[in-house]
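A.B. asks: Before we start, here is the structure in question, set down as structure tokens.
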Amino acid sequence: MSTTITHFFGQAMTGQGIKNVYKDVMYEAKAVYLLKGAHGFKVSELLQKLGSYYYEKGADIEIFHDPLFEETIEAIFIKAPHRILIIQATNPSIEPAVIGARDHVISLYDCVDEQQLSSNETLFSSNEAKQTYYDQCFAALSKAIHLHDDWEGETRRYMDWSGLDQQFAELKNHVFGGKKFEKTGKLTHRLLGTLTPAGARDTVQSITQNLEKRLFIKGYPGTGKSSMMKKFANEALSRGFDVQLVWCGLDSNSIDMVILPELKFCIFDSTEPHVYFPDENRPGDEIFDIAKHCHPTEVEEKNIKDIVAKYKATVIKAKEFANQYAEEERKVREAIDAALNLDEFYKRTARLFELSE
């Protein structure tokens, strides 16, 4: 059987702040290696090499990307039977929960020449500047969430909820029928995408590469897409199916996709900012239209148009601040790499290439 590499974002820049799923992924792992310190781009290069190494040895690999630098890697998960997570655990700061038995810390702090870092005259100003841009970015994202709530309010009042309930009942019957496992379903968590300095990004095509059935939800904000998917996930779990919840990159409380690995099936919100349509080369792709249950009046349509314009302008402003934040963060990481003792760095991380022996 061929092996695969699946790409996710490890963190999302949401309207409620930074969200990551690493603690959830840790509970899927048999062993976790937390790389502490030396938080520059060299850690990403190491993780890239490790991912390629274990992929070539026949393992399925999940790669988790940094929202600020899309090609930069924050973690790799070497999947079953190994179930080994290797993660840059400095930013975000992640601490071991099961020390020794599962979680192992590799300290890289002593690999960095602190005197060289302290003599870098621009480092302090870059750290100050990035904090300012960080605060401005998340203030804009918070405003965007509130505008999105206003948008939902305009559509919700004209939603035919009974029609959606009927459509959901038909979905459950179509997907599950009488299927039920005599086991407890496993629940896992991932992120669909995030705001980046280049705009909204997602990894939908990579996430769904091995699925045979994809349902593309089409509907207005506030019409129950996320709530319906949460109900669908609970139904699957009650029947003993494994479920993967894939969370929204803007609203940390919202679900954008549910995957049932055992059925090679997913249903997901394929509206802004991750608009997708069925692929004619994938016969299992279908539209799941819930927009037909919502009929705003002309007054609401005008209100929605005004809200959407404000919402999009606010997201653009957040993107601009994210870009400025990333530029200052780049300077900090490059300074750390310049002060890195590479011989010591590679010496301390060499055992990571021997984990499947």
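Just so we're on the same page: first chain in the structure tokens is A, next is B, and so on; residues restart at 1 for each chain, and ligands are numbered from 1 in the order they show up.
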Taking only range 253-352 of chain A into account, list the residues labelled alpha helix (DSSP H) by DSSP (computed from the backbone), as JSON, numbers by chain.

C.D. replies: {"A": [298, 299, 300, 301, 302, 303, 304, 305, 306, 307, 308, 309, 310, 311, 312, 313, 314, 315, 316, 317, 318, 319, 320, 321, 322, 323, 324, 325, 326, 327, 328, 329, 330, 331, 332, 333, 334, 335, 336, 337, 338, 342, 343, 344, 345, 346, 347, 348, 349]}

A.B. asks: Pick out the residues sitting within 10 Å of range 124-136 of chain A, and hand them over as a PyMOL selection string; count only C-alpha atoms, and ignore anything fewer than 2 positions along from it in its own chain.

C.D. replies: chain A and resi 17+117-118+120-122+138-142+317-318+320-332

A.B. asks: To one decimal place, how far is CA of Pro67 in chain A from CA of Gln11 in chain A in Å?

C.D. replies: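 Here the two named atoms are 6.4 Å from each other.
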
A.B. asks: Could you pull the residues within 9 Å of Ser107 in chain A, counting only C-alpha atoms, minus those fewer than 5 positions along the same chain, as a list in words?

C.D. replies: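 Counting only C-alpha atoms, the residues come to Leu34, Leu35, Lys36, Gly37, Ala38 and Arg348 of chain A.
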
A.B. asks: With all heavy atoms retained, export the selected residues as a PDB file, in the first residue's frame.

C.D. replies:
```pdb
ATOM      1  N   LEU A  34       9.499  16.903  22.235  1.00  0.00           N
ATOM      2  CA  LEU A  34       9.305  18.342  22.279  1.00  0.00           C
ATOM      3  C   LEU A  34      10.654  19.038  22.132  1.00  0.00           C
ATOM      4  O   LEU A  34      11.540  18.890  22.983  1.00  0.00           O
ATOM      5  CB  LEU A  34       8.654  18.743  23.605  1.00  0.00           C
ATOM      6  CG  LEU A  34       7.307  18.063  23.917  1.00  0.00           C
ATOM      7  CD1 LEU A  34       6.977  18.183  25.394  1.00  0.00           C
ATOM      8  CD2 LEU A  34       6.204  18.665  23.081  1.00  0.00           C
ATOM      9  N   LEU A  35      10.821  19.776  21.039  1.00  0.00           N
ATOM     10  CA  LEU A  35      12.064  20.508  20.797  1.00  0.00           C
ATOM     11  C   LEU A  35      11.933  21.886  21.422  1.00  0.00           C
ATOM     12  O   LEU A  35      11.149  22.719  20.968  1.00  0.00           O
ATOM     13  CB  LEU A  35      12.329  20.626  19.298  1.00  0.00           C
ATOM     14  CG  LEU A  35      12.355  19.314  18.515  1.00  0.00           C
ATOM     15  CD1 LEU A  35      12.598  19.577  17.036  1.00  0.00           C
ATOM     16  CD2 LEU A  35      13.412  18.377  19.073  1.00  0.00           C
ATOM     17  N   LYS A  36      12.708  22.125  22.464  1.00  0.00           N
ATOM     18  CA  LYS A  36      12.620  23.375  23.222  1.00  0.00           C
ATOM     19  C   LYS A  36      13.846  24.233  22.966  1.00  0.00           C
ATOM     20  O   LYS A  36      14.982  23.779  23.128  1.00  0.00           O
ATOM     21  CB  LYS A  36      12.508  23.077  24.720  1.00  0.00           C
ATOM     22  CG  LYS A  36      11.170  22.532  25.163  1.00  0.00           C
ATOM     23  CD  LYS A  36      10.153  23.654  25.249  1.00  0.00           C
ATOM     24  CE  LYS A  36       8.901  23.240  25.974  1.00  0.00           C
ATOM     25  NZ  LYS A  36       7.955  24.350  26.097  1.00  0.00           N
ATOM     26  N   GLY A  37      13.607  25.497  22.569  1.00  0.00           N
ATOM     27  CA  GLY A  37      14.711  26.425  22.332  1.00  0.00           C
ATOM     28  C   GLY A  37      15.118  26.458  20.870  1.00  0.00           C
ATOM     29  O   GLY A  37      14.622  25.692  20.035  1.00  0.00           O
ATOM     30  N   ALA A  38      16.036  27.377  20.542  1.00  0.00           N
ATOM     31  CA  ALA A  38      16.565  27.517  19.170  1.00  0.00           C
ATOM     32  C   ALA A  38      15.440  27.685  18.158  1.00  0.00           C
ATOM     33  O   ALA A  38      15.435  27.058  17.101  1.00  0.00           O
ATOM     34  CB  ALA A  38      17.446  26.319  18.804  1.00  0.00           C
ATOM     35  N   ARG A 348      22.438  16.936  19.210  1.00  0.00           N
ATOM     36  CA  ARG A 348      21.338  16.726  20.157  1.00  0.00           C
ATOM     37  C   ARG A 348      20.085  16.151  19.492  1.00  0.00           C
ATOM     38  O   ARG A 348      19.239  15.573  20.172  1.00  0.00           O
ATOM     39  CB  ARG A 348      20.987  18.047  20.856  1.00  0.00           C
ATOM     40  CG  ARG A 348      22.102  18.557  21.741  1.00  0.00           C
ATOM     41  CD  ARG A 348      21.631  19.631  22.683  1.00  0.00           C
ATOM     42  NE  ARG A 348      22.720  20.124  23.511  1.00  0.00           N
ATOM     43  CZ  ARG A 348      22.557  20.837  24.605  1.00  0.00           C
ATOM     44  NH1 ARG A 348      21.323  21.171  24.992  1.00  0.00           N
ATOM     45  NH2 ARG A 348      23.586  21.258  25.302  1.00  0.00           N
TER      46      ARG A 348
END
```

A.B. asks: If you count only C-alpha atoms, which residues fall within 12 Å of Lys49 in chain A, apart from same-chain ones fewer than 2 positions away, as a list in words?

C.D. replies: Lys42, Val43, Ser44, Glu45, Leu46, Leu47, Gly51, Ser52, Tyr53, Tyr54, Tyr55, Glu56, Ile63, Ile73, Ala75, Ile76, Ile86, Tyr346, Thr349, Ala350, Leu352 and Phe353 of chain A

A.B. asks: Write out, as a tab-separated table (two decimals), in the first residue's frame, the residues just selected, with N, CA and C atoms.

C.D. replies:
```tsv
chain	number	residue	atom	x	y	z
A	42	LYS	N	15.97	26.72	11.38
A	42	LYS	CA	16.71	25.47	11.32
A	42	LYS	C	15.90	24.29	11.87
A	43	VAL	N	15.04	24.58	12.84
A	43	VAL	CA	14.19	23.52	13.38
A	43	VAL	C	13.24	23.01	12.30
A	44	SER	N	12.69	23.94	11.51
A	44	SER	CA	11.81	23.54	10.41
A	44	SER	C	12.56	22.68	9.39
A	45	GLU	N	13.79	23.07	9.07
A	45	GLU	CA	14.58	22.28	8.13
A	45	GLU	C	14.81	20.86	8.66
A	46	LEU	N	15.07	20.76	9.97
A	46	LEU	CA	15.24	19.45	10.60
A	46	LEU	C	13.96	18.63	10.48
A	47	LEU	N	12.82	19.23	10.77
A	47	LEU	CA	11.54	18.51	10.70
A	47	LEU	C	11.24	18.06	9.27
A	51	GLY	N	10.64	14.22	8.25
A	51	GLY	CA	9.45	13.78	7.54
A	51	GLY	C	9.79	12.98	6.30
A	52	SER	N	10.75	13.47	5.53
A	52	SER	CA	11.18	12.76	4.32
A	52	SER	C	11.81	11.42	4.66
A	53	TYR	N	12.60	11.39	5.73
A	53	TYR	CA	13.29	10.17	6.13
A	53	TYR	C	12.30	9.06	6.49
A	54	TYR	N	11.32	9.39	7.31
A	54	TYR	CA	10.36	8.36	7.74
A	54	TYR	C	9.36	8.02	6.65
A	55	TYR	N	9.07	8.97	5.77
A	55	TYR	CA	8.22	8.68	4.62
A	55	TYR	C	8.90	7.66	3.71
A	56	GLU	N	10.19	7.84	3.48
A	56	GLU	CA	10.93	6.91	2.62
A	56	GLU	C	11.06	5.53	3.27
A	63	ILE	N	2.20	16.57	8.21
A	63	ILE	CA	3.09	17.72	8.36
A	63	ILE	C	2.24	18.92	8.76
A	73	ILE	N	7.78	24.34	8.79
A	73	ILE	CA	7.12	23.22	9.46
A	73	ILE	C	7.29	23.36	10.97
A	75	ALA	N	5.70	20.84	13.09
A	75	ALA	CA	5.63	19.50	13.67
A	75	ALA	C	5.45	18.46	12.57
A	76	ILE	N	5.85	17.23	12.88
A	76	ILE	CA	5.51	16.09	12.03
A	76	ILE	C	4.95	14.99	12.91
A	86	ILE	N	6.80	14.75	16.61
A	86	ILE	CA	7.99	15.57	16.86
A	86	ILE	C	7.58	17.02	16.61
A	346	TYR	N	22.81	19.50	15.70
A	346	TYR	CA	22.63	18.20	15.05
A	346	TYR	C	22.99	17.04	15.96
A	349	THR	N	19.96	16.33	18.21
A	349	THR	CA	18.75	15.87	17.52
A	349	THR	C	18.98	14.60	16.69
A	350	ALA	N	20.20	14.07	16.70
A	350	ALA	CA	20.53	12.92	15.85
A	350	ALA	C	19.65	11.71	16.15
A	352	LEU	N	16.67	11.47	16.72
A	352	LEU	CA	15.33	11.55	16.14
A	352	LEU	C	15.24	10.76	14.82
A	353	PHE	N	16.38	10.42	14.24
A	353	PHE	CA	16.41	9.62	13.03
A	353	PHE	C	16.45	8.13	13.33
```

A.B. asks: Return the single residue from A:Gln48, A:Gln205, A:Ser119, A:Thr196 that is closest to Ile87 in chain A, with distances computed using only C-alpha atoms.

C.D. replies: A:Gln48

A.B. asks: Can you tell me which residues surround Glu272 in chain A at a distance of at most 12 Å, considering only C-alpha atoms, apart from same-chain residues fewer than 4 positions away, and format the answer as a VMD selection string?

C.D. replies: chain A and resid 148 193 200 to 202 217 to 221 248 to 250 256 268 276 to 277 308 311 to 312

A.B. asks: Output the selection as a PDB file, in the first residue's frame - N, CA and C atoms for each residue.

C.D. replies:
```pdb
ATOM      1  N   HIS A 148     -18.984  39.171  11.369  1.00  0.00           N
ATOM      2  CA  HIS A 148     -19.509  37.897  10.868  1.00  0.00           C
ATOM      3  C   HIS A 148     -20.755  37.494  11.658  1.00  0.00           C
ATOM      4  N   GLY A 193      -7.572  25.456   8.074  1.00  0.00           N
ATOM      5  CA  GLY A 193      -6.742  26.505   7.481  1.00  0.00           C
ATOM      6  C   GLY A 193      -6.561  27.653   8.448  1.00  0.00           C
ATOM      7  N   ALA A 200      -6.192  34.155   3.348  1.00  0.00           N
ATOM      8  CA  ALA A 200      -6.723  32.895   3.869  1.00  0.00           C
ATOM      9  C   ALA A 200      -6.142  31.714   3.097  1.00  0.00           C
ATOM     10  N   ARG A 201      -5.690  30.712   3.823  1.00  0.00           N
ATOM     11  CA  ARG A 201      -5.130  29.514   3.217  1.00  0.00           C
ATOM     12  C   ARG A 201      -5.731  28.278   3.889  1.00  0.00           C
ATOM     13  N   ASP A 202      -5.846  27.191   3.126  1.00  0.00           N
ATOM     14  CA  ASP A 202      -6.310  25.933   3.684  1.00  0.00           C
ATOM     15  C   ASP A 202      -5.581  24.790   2.988  1.00  0.00           C
ATOM     16  N   ILE A 217     -20.809  21.514   1.443  1.00  0.00           N
ATOM     17  CA  ILE A 217     -21.949  22.273   1.952  1.00  0.00           C
ATOM     18  C   ILE A 217     -21.952  23.672   1.343  1.00  0.00           C
ATOM     19  N   LYS A 218     -23.102  24.072   0.822  1.00  0.00           N
ATOM     20  CA  LYS A 218     -23.302  25.426   0.326  1.00  0.00           C
ATOM     21  C   LYS A 218     -24.442  26.060   1.124  1.00  0.00           C
ATOM     22  N   GLY A 219     -24.149  27.204   1.753  1.00  0.00           N
ATOM     23  CA  GLY A 219     -25.171  27.869   2.555  1.00  0.00           C
ATOM     24  C   GLY A 219     -24.654  29.168   3.127  1.00  0.00           C
ATOM     25  N   TYR A 220     -25.562  30.023   3.536  1.00  0.00           N
ATOM     26  CA  TYR A 220     -25.194  31.317   4.106  1.00  0.00           C
ATOM     27  C   TYR A 220     -24.609  31.150   5.503  1.00  0.00           C
ATOM     28  N   PRO A 221     -23.792  32.106   5.961  1.00  0.00           N
ATOM     29  CA  PRO A 221     -23.376  32.108   7.364  1.00  0.00           C
ATOM     30  C   PRO A 221     -24.599  32.171   8.281  1.00  0.00           C
ATOM     31  N   CYS A 248     -12.452  25.439  12.221  1.00  0.00           N
ATOM     32  CA  CYS A 248     -12.407  26.665  11.423  1.00  0.00           C
ATOM     33  C   CYS A 248     -11.165  27.489  11.762  1.00  0.00           C
ATOM     34  N   GLY A 249     -10.612  28.145  10.748  1.00  0.00           N
ATOM     35  CA  GLY A 249      -9.423  28.958  10.935  1.00  0.00           C
ATOM     36  C   GLY A 249      -9.703  30.392  11.319  1.00  0.00           C
ATOM     37  N   LEU A 250     -10.983  30.798  11.401  1.00  0.00           N
ATOM     38  CA  LEU A 250     -11.322  32.160  11.823  1.00  0.00           C
ATOM     39  C   LEU A 250     -12.072  32.172  13.139  1.00  0.00           C
ATOM     40  N   ASP A 256     -15.481  23.207  10.466  1.00  0.00           N
ATOM     41  CA  ASP A 256     -15.566  23.376   9.021  1.00  0.00           C
ATOM     42  C   ASP A 256     -15.599  22.053   8.262  1.00  0.00           C
ATOM     43  N   PHE A 268     -18.035  19.086   4.404  1.00  0.00           N
ATOM     44  CA  PHE A 268     -17.354  20.304   4.847  1.00  0.00           C
ATOM     45  C   PHE A 268     -17.991  21.562   4.267  1.00  0.00           C
ATOM     46  N   TYR A 276     -14.940  25.679  -2.557  1.00  0.00           N
ATOM     47  CA  TYR A 276     -14.608  24.531  -3.415  1.00  0.00           C
ATOM     48  C   TYR A 276     -15.885  24.000  -4.054  1.00  0.00           C
ATOM     49  N   PHE A 277     -15.710  23.347  -5.194  1.00  0.00           N
ATOM     50  CA  PHE A 277     -16.815  22.708  -5.898  1.00  0.00           C
ATOM     51  C   PHE A 277     -16.395  21.290  -6.269  1.00  0.00           C
ATOM     52  N   VAL A 308     -20.898  42.530   4.630  1.00  0.00           N
ATOM     53  CA  VAL A 308     -19.848  41.769   3.947  1.00  0.00           C
ATOM     54  C   VAL A 308     -18.715  42.689   3.504  1.00  0.00           C
ATOM     55  N   TYR A 311     -16.752  43.481   6.554  1.00  0.00           N
ATOM     56  CA  TYR A 311     -16.060  42.264   6.988  1.00  0.00           C
ATOM     57  C   TYR A 311     -14.811  42.015   6.143  1.00  0.00           C
ATOM     58  N   LYS A 312     -14.954  42.088   4.828  1.00  0.00           N
ATOM     59  CA  LYS A 312     -13.820  41.828   3.940  1.00  0.00           C
ATOM     60  C   LYS A 312     -12.725  42.879   4.119  1.00  0.00           C
TER      61      LYS A 312
END
```
